[in-house]
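Novice: Would you mind keeping the following structure in view while I ask a few things?
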Amino acid sequence: MATERVSPDVVRPEFVGRARELAQVAWALDGGRAHVTLEGEAGIGKSRLVQEALAVSPRHVLWMTCPPLAEPFPLGPVIDGLRRSVDDVAGLGLSVVAGALRPLLPEWAHALPPAPEPLRSAGANRHRVLRALVELLDATGVDTIVVEDAHWADAATLDLLLTLASAPGPGPSLVLTYRDGEVPQGSPLRRVTARAPAGARVCRLTLGPLSVAETGQLVGSMFGGADVSPQFASFLDERTDGVPLAVEEMARLLADRRHIVRSQDLLAAGRDELEVPPTVRDSVLERVDRLGSAARRVLEAAAVLAAPSTETELAEVAGISPAAARPGLATALAVGLVREAGPGRYDYRHVLDAQAVAGSVPASTWRHLHARASRVVERTAPDAVERLSRHSREAGETERWCRFAEAGADVALQAGADRGAVVQLLRVLTQAEHPPERLCRLAGKLGAASFFSVSSLGDLMDDVVVALRGVVDDPRISPSERGPVRVWLARNLWQAGRQQEAFGAFAAAMPDLDDDPDLALTVAANLAMPVVPEWPAERHLAWLDRGRALAAEARDAQSVAFRGARASALLLLGHEEGWALVADLESAAATLEPSERPVRHALAAGMLNVAGAALVWGRYDDARRMLDVVAELEAPPQRLIDGITTCRAYLAWFTGRWSGLEDTVRQVAESETSWPRELLAARQLRGLLRLASGHRVAAVKDLDAVTGQYVRLGIVEPLAIPPVVALGRIALADGDAPAALRTTSPWVEAISRKGIGMWLGDLAPVHVEALLAVGRHDEAARVVEQLAAGVEGRRAPGPAAALAACRGLLADADGEHDRAAERHGSAAAAWAGVQRRYDAELARERSAHSLMRAGRRDDGLAVLTDVETRLRELGAAWDTDRVARDLRGLGVDVVRTWRRGRKGYGNRLSPREVDALGLVARGMTNREVAEVLFLSPRTVARHLGSAMRKLDVTSRTAAAMAAREAGLLDDVVG
């Protein structure tokens, strides 16, 4: 599926996940006087909740914000709030008491009464100021006071709030947000939050984190309402613990680093380690700086240990005594940075908090902390090899790191954490010096971990390849050591879809495998597969013969794997004897015991390859049966399950079972287990479906990308041919036979070099039609002869049907239209016999035109009319358009029921309108657009007119520009 890096420009997130809390606060504020307290940690969304509630229940609000000042100014939040909320106090009719505010509000002195004489006690003066503030607030009509971060409020401000909360009768509502863990001991805030005015509606809430689903919804709202993959949402939740501010800042950071990708409307991101967002980091470090030395050292130790630890362990890593650590730990607990994760064990409350503190530790101190942590963990948890590896690496203790990293990778693999194992092995292999024996051992483990990983490793695969190449090229490595490493290099190149490179690596490994016949057999099996462009069939057959000489007679996993490879290779090479080997494999599958899991897995892999080869022969029932056998083998690995899904998708495409296929394609494209070849298959099938359904421009974008990628990867194989066929058909529909030949000829030449004529089956009709269109009749005949040689003596109904179609084209070119109609009819019957409904109707379309060329107009029109109906029922809108246009040109009134399109687009552009605008954006006239889309110019004008109305523009060019700027043409304009 197509992916793109999202722009770093994101919008403010929508308000999500607080519907119940919003209703409660709005209820309190909607009933006169209210007393609302919102408690929660930094960034949990208290302020946003207040803003949303006041939007629901508008009021005259005085906003007060209490900053964490070292020396807070008495009543500073109140004065600042008044200055922002009140323009002037003139004409408010204030009493002489208000004169006490002159020193606090000198800019309003001209409008305030004269300052009264000072009273004898400070308490009396403070009381008079509070009375004056209450009077001023009442006179200005403030009915709601919002106090943010009330835990930092100065004593005088809290006295005012307590005065307001204690006053009976009418009065302003109070809304306070605060962090419970940072309320100073003995603070009057506790009395303010606990005391509500008589008759007020009381709402006390403690806000918790967002759920994983809410985290995804919040992030999606920042990117135009796009859906967020469940994996991405879980990743963000793990990193941020569902704290909304942290989620938002992490999403912004990922977007800024271009780590977020969009596949259609789905957002996903890599899971590599990232720094803490600056906003979160600064907030955490500001809190830590206020806690004192002991607390900071405990927090640094906890950040290094990164796991629940005892007070004694924290003290030892911090390098202080337990007695000195105890008050620091108590402080960290009180402010909520640390939590008790279990009886007597402490850890950070949030991952990002730990990372923020860790990032602030000087490098030299960091190494010493990790060195102490390594000894503590080795004594208290000697089996925690992953932690020991991390501490040793950070401490610069290379030998200990290598030992623990290798053990940690083994544990990760046993636990199914393949990616974690690959990361560990890559790091230790490339960042430390090793003797040859250890270097090869680590390389072998890395190659196996990567190759057998259940999910795609993404960019890590390139790093694996580079690391393995580095070991292969190390001059200290002996040939017997180098051979197995080169095999792992080849297998991983194959896994990454780089088949031509993989074949080179396999071939280079063979001379170094004289002492390892089992591995040599694996190499021979891989080299026998005919899927690279430059090797002729005879070379693959030679490797099959060499493999037979290496294969043992015992029925073990290695020999079974070779038998499966031999069967599929022979079938791909067009050898009928491969089917006898398939029968043997089916018999073996029926007799395997459940305990023989390695053999069952090897057999399943072989049968899956056979199913793919059966598609080339057009033996779809056999392919379906093979897939059923693979699925029934007990607990096939995940990669085989994914392979079954992809192969079934191909089978559905060929046999015209398109209902639900788009969902399957999306499933493959969005799965984290999908490897590069499967992703290519998904985009290929999407392009084919888009073309069939009439979305030509979007289809071309997919098909061009896929065929280009096949060329770059050096892949030539039958299942890579359908997009080439589709692009050739598009060029022929445009009347551009030379363009069709430019698309098909390289593939025909590659197949000719390989000498596997049967592979021409799907490709030959399009190529032959293009050759005949430019007058190259002799070349067309030679291609047909090559296909005939590939079909002769083989039960290959798919290529045989294509051969009949090619012979029909030759007969038409020779003016033998009756014979052409007969041969096209034979091709249609053959396609129908193997359930390829789409190709059967295309062959019947050719037969209809041949009949009309032969002078049998009525017969031809009857067939063509039936073809139009069947193509419409199949959902092949692009072809239905073409056939309907031909029928109308022949005077037949064609019902346009499907042309009305899908209802319910409203103000959104329909797919056909998007296609038309995409072509306009490429500079085409209405007539040229009509030719491409098989529509009349009048219909195109109607689509463009509708699009112009929806986009509120007055010209077709402006409509195309508006659609492009809105991102509506991203999938259609190449």
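Chain labels run A, B, ... following the order of the structure tokens; each chain numbers its residues from 1, and ligands are numbered from 1 in the order shown.
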Report the residues of stretch 107-265 of chain A whose backbone DSSP state falls under alpha helix (DSSP H), written as an MDAnalysis selection string.
Specialist: chainID A and resid 122:140 155:166 189:194 212:222 230:240 244:256
Novice: Considering only C-alpha atoms, return as a VMD selection string whatever protein or nucleic-acid residues lie within 12 Å of A:Val10, sequence-local ones (same chain, fewer than 6 positions apart) excluded.
Specialist: chain A and resid 218 to 226 248 to 256 258 260
Novice: Between A:Phe452, A:Phe15, A:Tyr838, A:Phe562, which one has atoms that come closest to A:Leu871, using only C-alpha atoms?
Specialist: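 Answer, going by the shortest atom-to-atom distance: A:Tyr838.
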Novice: Contacts of stretch 913-924 of chain A at 8 Å or less, counting only C-alpha atoms, minus same-chain residues fewer than 6 places along, as a list in words?
Specialist: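 That gives His695, Arg696, Val697, Ala698, Leu933, Val940, His943, Leu944, Ser946, Ala947, Arg956, Thr957, Ala959, Ala960, Met961, Ala963, Leu968, Leu969, Val972 and Val973 of chain A.
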Novice: Taking into account only C-alpha atoms, which residue in the set A:Pro118, A:Leu164, A:Glu107, A:Arg942 is nearest to A:Arg33?
Specialist: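 Closest to A:Arg33, using only C-alpha atoms: A:Leu164.
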Novice: Fewer than 6 positions away in the same chain doesn't count, so skip those; otherwise give me all residues within 8 Å of A:Ala496, counting only C-alpha atoms, as a list of chain:residue names.
Specialist: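 So the residues in contact are A:Met461, A:Trp675, A:Pro676, A:Arg677.
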Novice: So that I can check the surroundings of stretch 312-317 of chain A, please list as a list in words every protein, DNA and RNA residue that reaches within 6 Å of it, counting only C-alpha atoms and ignoring chain neighbours fewer than 6 positions away.
Specialist: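 These residues fall inside the cut-off: Ala301, Ala325, Leu369, Arg372 and Ala373 of chain A.
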Novice: Taking only C-alpha atoms into account, which of A:Arg126, A:Arg872, A:Arg600, A:Arg927 comes nearest A:Glu632?
Specialist: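 The closest residue to A:Glu632 is A:Arg600.
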Novice: Fewer than 6 positions away in the same chain doesn't count, so skip those; otherwise give me all residues within 10 Å of A:Asp621, counting only C-alpha atoms, as number ranges by chain.
Specialist: A: 611, 614-615, 627, 651, 834-835
Novice: Store the residues picked out above, limited to C-alpha atoms, as an mmCIF file, in the first residue's frame.
Specialist:
data_model
loop_
_atom_site.group_PDB
_atom_site.id
_atom_site.type_symbol
_atom_site.label_atom_id
_atom_site.label_comp_id
_atom_site.auth_asym_id
_atom_site.auth_seq_id
_atom_site.Cartn_x
_atom_site.Cartn_y
_atom_site.Cartn_z
ATOM 1 C CA ALA A 611 0.278 -23.299 -4.483
ATOM 2 C CA ALA A 614 -0.144 -23.824 -9.482
ATOM 3 C CA LEU A 615 -1.461 -20.313 -10.178
ATOM 4 C CA LEU A 627 -3.443 -23.807 0.619
ATOM 5 C CA LEU A 651 -6.316 -16.729 -6.279
ATOM 6 C CA VAL A 834 -10.856 -22.650 -14.704
ATOM 7 C CA GLN A 835 -13.211 -20.000 -13.257
#
Novice: For atom CA of A:Ala551 and atom CA of A:Arg566, quote the distance in Å rounded to one decimal.
Specialist: 11.0 Å
Novice: Which residues are near A:Ser374? Cut-off 12 Å, only C-alpha atoms, ignore same chain within fewer than 2 positions. Put them as number ranges by chain.
Specialist: A: 301, 304-305, 313, 316-317, 367-372, 376-382, 384-397, 400-401, 404
Novice: Keeping only N, CA and C atoms, write the selected residues to a file as a compact mmCIF listing (two decimals), in the first residue's frame.
Specialist:
# COMPACT_ATOMS: atom_id res chain seq x y z
N ALA A 301 19.24 7.56 40.19
CA ALA A 301 19.44 6.12 40.36
C ALA A 301 18.26 5.34 39.83
N VAL A 304 18.38 5.20 36.09
CA VAL A 304 19.38 4.25 35.60
C VAL A 304 18.89 2.82 35.75
N LEU A 305 18.34 2.49 36.89
CA LEU A 305 17.87 1.12 37.12
C LEU A 305 16.68 0.77 36.24
N GLU A 313 18.76 -0.66 47.11
CA GLU A 313 19.32 -0.68 45.76
C GLU A 313 19.46 0.73 45.20
N GLU A 316 22.41 2.38 46.89
CA GLU A 316 23.72 1.87 46.44
C GLU A 316 24.08 2.43 45.07
N VAL A 317 23.11 2.47 44.16
CA VAL A 317 23.40 3.01 42.83
C VAL A 317 23.65 4.51 42.93
N ARG A 367 28.05 6.96 33.53
CA ARG A 367 28.82 5.71 33.46
C ARG A 367 29.00 5.11 34.85
N HIS A 368 29.31 5.95 35.83
CA HIS A 368 29.50 5.42 37.19
C HIS A 368 28.19 4.85 37.74
N LEU A 369 27.10 5.52 37.48
CA LEU A 369 25.80 5.01 37.94
C LEU A 369 25.52 3.65 37.33
N HIS A 370 25.77 3.49 36.03
CA HIS A 370 25.50 2.21 35.38
C HIS A 370 26.46 1.12 35.87
N ALA A 371 27.70 1.47 36.15
CA ALA A 371 28.63 0.48 36.67
C ALA A 371 28.14 -0.06 38.01
N ARG A 372 27.68 0.87 38.89
CA ARG A 372 27.14 0.41 40.18
C ARG A 372 25.86 -0.39 39.97
N VAL A 376 24.78 -4.23 41.21
CA VAL A 376 23.58 -4.45 42.02
C VAL A 376 22.67 -5.49 41.36
N VAL A 377 22.44 -5.34 40.07
CA VAL A 377 21.55 -6.27 39.37
C VAL A 377 22.15 -7.66 39.29
N GLU A 378 23.48 -7.75 39.08
CA GLU A 378 24.12 -9.07 39.01
C GLU A 378 24.00 -9.81 40.34
N ARG A 379 24.01 -9.06 41.43
CA ARG A 379 23.88 -9.69 42.75
C ARG A 379 22.43 -10.05 43.07
N THR A 380 21.49 -9.17 42.70
CA THR A 380 20.10 -9.35 43.12
C THR A 380 19.23 -10.06 42.08
N ALA A 381 19.59 -9.96 40.80
CA ALA A 381 18.79 -10.58 39.73
C ALA A 381 19.72 -11.07 38.63
N PRO A 382 20.53 -12.11 38.91
CA PRO A 382 21.55 -12.55 37.94
C PRO A 382 20.99 -13.04 36.61
N ALA A 384 18.62 -11.48 34.95
CA ALA A 384 18.10 -10.33 34.20
C ALA A 384 19.16 -9.87 33.19
N VAL A 385 19.42 -10.72 32.18
CA VAL A 385 20.55 -10.47 31.27
C VAL A 385 20.33 -9.23 30.41
N GLU A 386 19.08 -8.92 30.08
CA GLU A 386 18.85 -7.73 29.26
C GLU A 386 19.25 -6.47 30.04
N ARG A 387 18.90 -6.43 31.32
CA ARG A 387 19.28 -5.28 32.14
C ARG A 387 20.79 -5.24 32.34
N LEU A 388 21.39 -6.40 32.57
CA LEU A 388 22.84 -6.45 32.75
C LEU A 388 23.56 -6.01 31.48
N SER A 389 23.01 -6.39 30.33
CA SER A 389 23.60 -5.95 29.05
C SER A 389 23.54 -4.44 28.93
N ARG A 390 22.40 -3.86 29.25
CA ARG A 390 22.25 -2.41 29.11
C ARG A 390 23.19 -1.67 30.06
N HIS A 391 23.26 -2.12 31.32
CA HIS A 391 24.12 -1.43 32.29
C HIS A 391 25.59 -1.55 31.90
N SER A 392 26.00 -2.74 31.44
CA SER A 392 27.41 -2.93 31.06
C SER A 392 27.77 -2.08 29.85
N ARG A 393 26.85 -2.00 28.90
CA ARG A 393 27.13 -1.18 27.71
C ARG A 393 27.27 0.29 28.09
N GLU A 394 26.32 0.80 28.88
CA GLU A 394 26.37 2.21 29.26
C GLU A 394 27.57 2.52 30.15
N ALA A 395 28.05 1.50 30.88
CA ALA A 395 29.21 1.71 31.74
C ALA A 395 30.52 1.59 30.98
N GLY A 396 30.47 1.19 29.70
CA GLY A 396 31.68 1.05 28.90
C GLY A 396 32.44 -0.22 29.20
N GLU A 397 31.80 -1.23 29.80
CA GLU A 397 32.44 -2.51 30.13
C GLU A 397 32.16 -3.50 28.99
N ARG A 400 31.84 -7.57 29.47
CA ARG A 400 30.60 -7.92 30.17
C ARG A 400 29.39 -7.64 29.27
N TRP A 401 29.44 -6.54 28.55
CA TRP A 401 28.33 -6.22 27.64
C TRP A 401 28.14 -7.32 26.60
N PHE A 404 26.58 -10.48 28.23
CA PHE A 404 25.17 -10.32 28.62
C PHE A 404 24.28 -10.04 27.42
Novice: Which value, in Å to one decimal, gives the distance between atom CA of A:Gly99 and atom CA of A:Ala150?
Specialist: 27.2 Å
Novice: Distance atom CA of A:Gly757-atom CA of A:Arg794, one decimal place?
Specialist: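 Between atom CA of A:Gly757 and atom CA of A:Arg794 the gap works out to 11.6 Å.
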Novice: Can you list, as a ChimeraX atom specification, every residue of stretch 27-242 of chain A that DSSP puts in strand (DSSP E)?
Specialist: /A:34-39,61-65,144-148,173-178,201-206,227-228
Novice: Ranking A:Asn492, A:Gln667, A:Gln24, A:Ser752 by minimum distance to A:Ala537 and counting only C-alpha atoms, which one comes first?
Specialist: A:Ser752
Novice: So which one's closest to A:Pro103, A:Arg201, A:Val129, A:Val61, A:Thr430? Using only C-alpha atoms, please.
Specialist: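 Of all the options, A:Val129 lies closest to A:Pro103.
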Novice: Nearest to A:Ala796 among A:Met758, A:Ala330, A:Leu887, A:Leu69, with distances taken over only C-alpha atoms: which residue is it?
Specialist: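 That would be A:Met758, the residue with the smallest distance to A:Ala796.
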